[in-house]
Protein chains: 2
Amino acid sequence: MAADDSPTPFRDELVARGHLIPSGQPGVFGRGDEFERVCTGFDRLVDDAVAPDGAERLRFPPLVPKLSIERVGYLKSFPDLIGAVFGFRGDEAEAAEMAQTAWEHGDWSGHLRQMDVTLTPAGCYPCYPAVAARGRLAADGALLDLGPCSVFRNEPSDDPARLQAFRMREVVRIGTPEQVLEWRERWMRRAQDVFARVELDADVDVANDPFFGRGGRMLAKNQRALQLKFEVLAPIATNAPTAISSFNYHQDHFGHAFGIERHDGEVAHSACLGFGLERVAMALMRRHGTDVGSWPSDVMRELRLDGPRP
Amino acid sequence: MAADDSPTPFRDELVARGHLIPSGQPGVFGRGDEFERVCTGFDRLVDDAVAPDGAERLRFPPLVPKLSIERVGYLKSFPDLIGAVFGFRGDEAEAAEMAQTAWEHGDWSGHLRQMDVTLTPAGCYPCYPAVAARGRLAADGALLDLGPCSVFRNEPSDDPARLQAFRMREVVRIGTPEQVLEWRERWMRRAQDVFARVELDADVDVANDPFFGRGGRMLAKNQRALQLKFEVLAPIATNAPTAISSFNYHQDHFGHAFGIERHDGEVAHSACLGFGLERVAMALMRRHGTDVGSWPSDVMRELRLDGPRP
């Protein structure tokens, strides 16, 4: 990476403006009020775009059962990104020993063991078992608005666009391949309209997930060949385009893993879309400047930044 | 616990109504739209009560540096509640082995090691280092509105009021003991007004944290004797009163741990208040019924449940 393409000057500017608040750990930041209002304003633009379809609104916490992670084979694709939750189940003597070690900033990991939950790696994961538990889908499938989901990726980085904890605004479509692909196609156009309203040039391109290792290269190649993933890209901390939104066709992966049946008894297909709220806010700051008060008035109005706090 | 005082019938009713969506893990639930609108409506009532004080609004992700947990001595008090984050840093061969073990639902914990973050156990933790980093406080101290914070407690339970992941609406006051105690006193009255608006009988009582083990009994006794913690209590899943809000005076605990200095160079004191959003929603459903559409019209209006979605 060339010196002039380092992500740290933009990160430092976001910090200096009070948009991001360093925690001492890379990729873990608090957020200032103005930054948060940009995230919320954009989330509402997505609300407006979702509303006409009559999606069912569900919300999930940032934890997912370990069993779900195992069932979907997450560790085959992204072992490096998982965040497992460990806890303490020892007695008082061991607790005292662990506390003392921690107090001295020593290694207390040996006192912990794995619990039955992990951090949610993608906002849509918790919805599939919930849909499966309802029994067969209706003929028109299911459409779920999951709102802003807090997700975790174990990839500490100096790039402010690569956070360990961030929010994805997620919508999920489940049904036949035709239903799911038609929905994804429609949303790829709709997302460009949403980005146009905030004057963000948003190029859509075929993409692949960051599959792990050499074996992952084949998965990535396959994903591109089948056009399973598209991304909207925009520059954030550097000139390199970064994904701010993605549109993912899972085929019958989740339907099979969790046993989701279509009305005709076949395994359901699914697709999801996600807007990375922090990345969108940062892309807007890259485009219009980190001084939000000086943004074009049309953009301010679209994001409801021009009136009293809602 | 007597059979008629089991928390599971109320949990099952919340599930049957679609308010809670089971994940398969105790204390981990998705939330239906109506439940979520109750949480959001109550959060806005708190917004209205916070606004006149001009608090600074900051938001934090559900992760906190491991170092912060060590510095505040969290493991001395609550070792059983911690959620540590473990990740994978091995090579491709080991990743394949871990993925295969996970696929077979075996024990893959041995492939993981502790990362530098933990789940946030209390919404206010991340704000103290952020305040300390700014240098000395102004003469009137600091007042921070942290909004709804996602927190974790490792206590799987059949009681729907005892979640592993839940949201605390947090406000924090930092300054002199007098500033901090006056603020807490004022808010204990104010909180009762907020609860009165939604027709919830809310008794305030001195309380203690669930300190671990026999040693913890002394800490709890001391906390009560010094009146460091008050709670608002209401019945939720059983007739036993459950805390739905708390008002905590930390003395100079966080000021000392993170080096927060008052304008005069002394160590700052702090207090926080938290409303447990899911618990408040459930207490309202216990009080007014799980059929939200049949709630008193005044309560619906206060929670903005009577108009279009905001």
# chains A, B, ... in the order shown; residues from 1 in each chain; ligands from 1
$ interface_residues --of "chain A" --to "chain B" --cutoff "6 Å" --atoms "only C-alpha atoms" --output "VMD selection string"
chain A and resid 30 to 33 57 to 60 70 75 to 76 80 82 to 88 99 102 to 103
$ select_by_dssp --residues "range 48-263 of chain A" --states "helix (DSSP H, G or I)" --output "ChimeraX atom specification"
/A:48-53,66-71,74-77,79-81,92-103,109-111,127-132,177-197,213-225,253-258
$ select_by_dssp --residues "range 87-275 of chain A" --states "strand (DSSP E)" --output "NGL selection string"
:A and (87 or 113-119 or 142-152 or 165-175 or 203-206 or 229-235 or 241-249 or 269-275)
$ residues_around --residues "range 274-291 of chain A" --least-positions-apart "2" --cutoff "9 Å" --atoms "only C-alpha atoms" --output "MDAnalysis selection string"
chainID A and resid 10 13:14 17 19 35:36 38:40 42:43 46 123:124 148 160:163 166:172 198:201 234:237 242:248 272 293:296
$ residues_around --residues "range 175-186 of chain B" --least-positions-apart "4" --cutoff "9 Å" --atoms "only C-alpha atoms" --output "number ranges by chain"
B: 137-143, 190-191, 247-249, 251-252, 261-263, 266-273
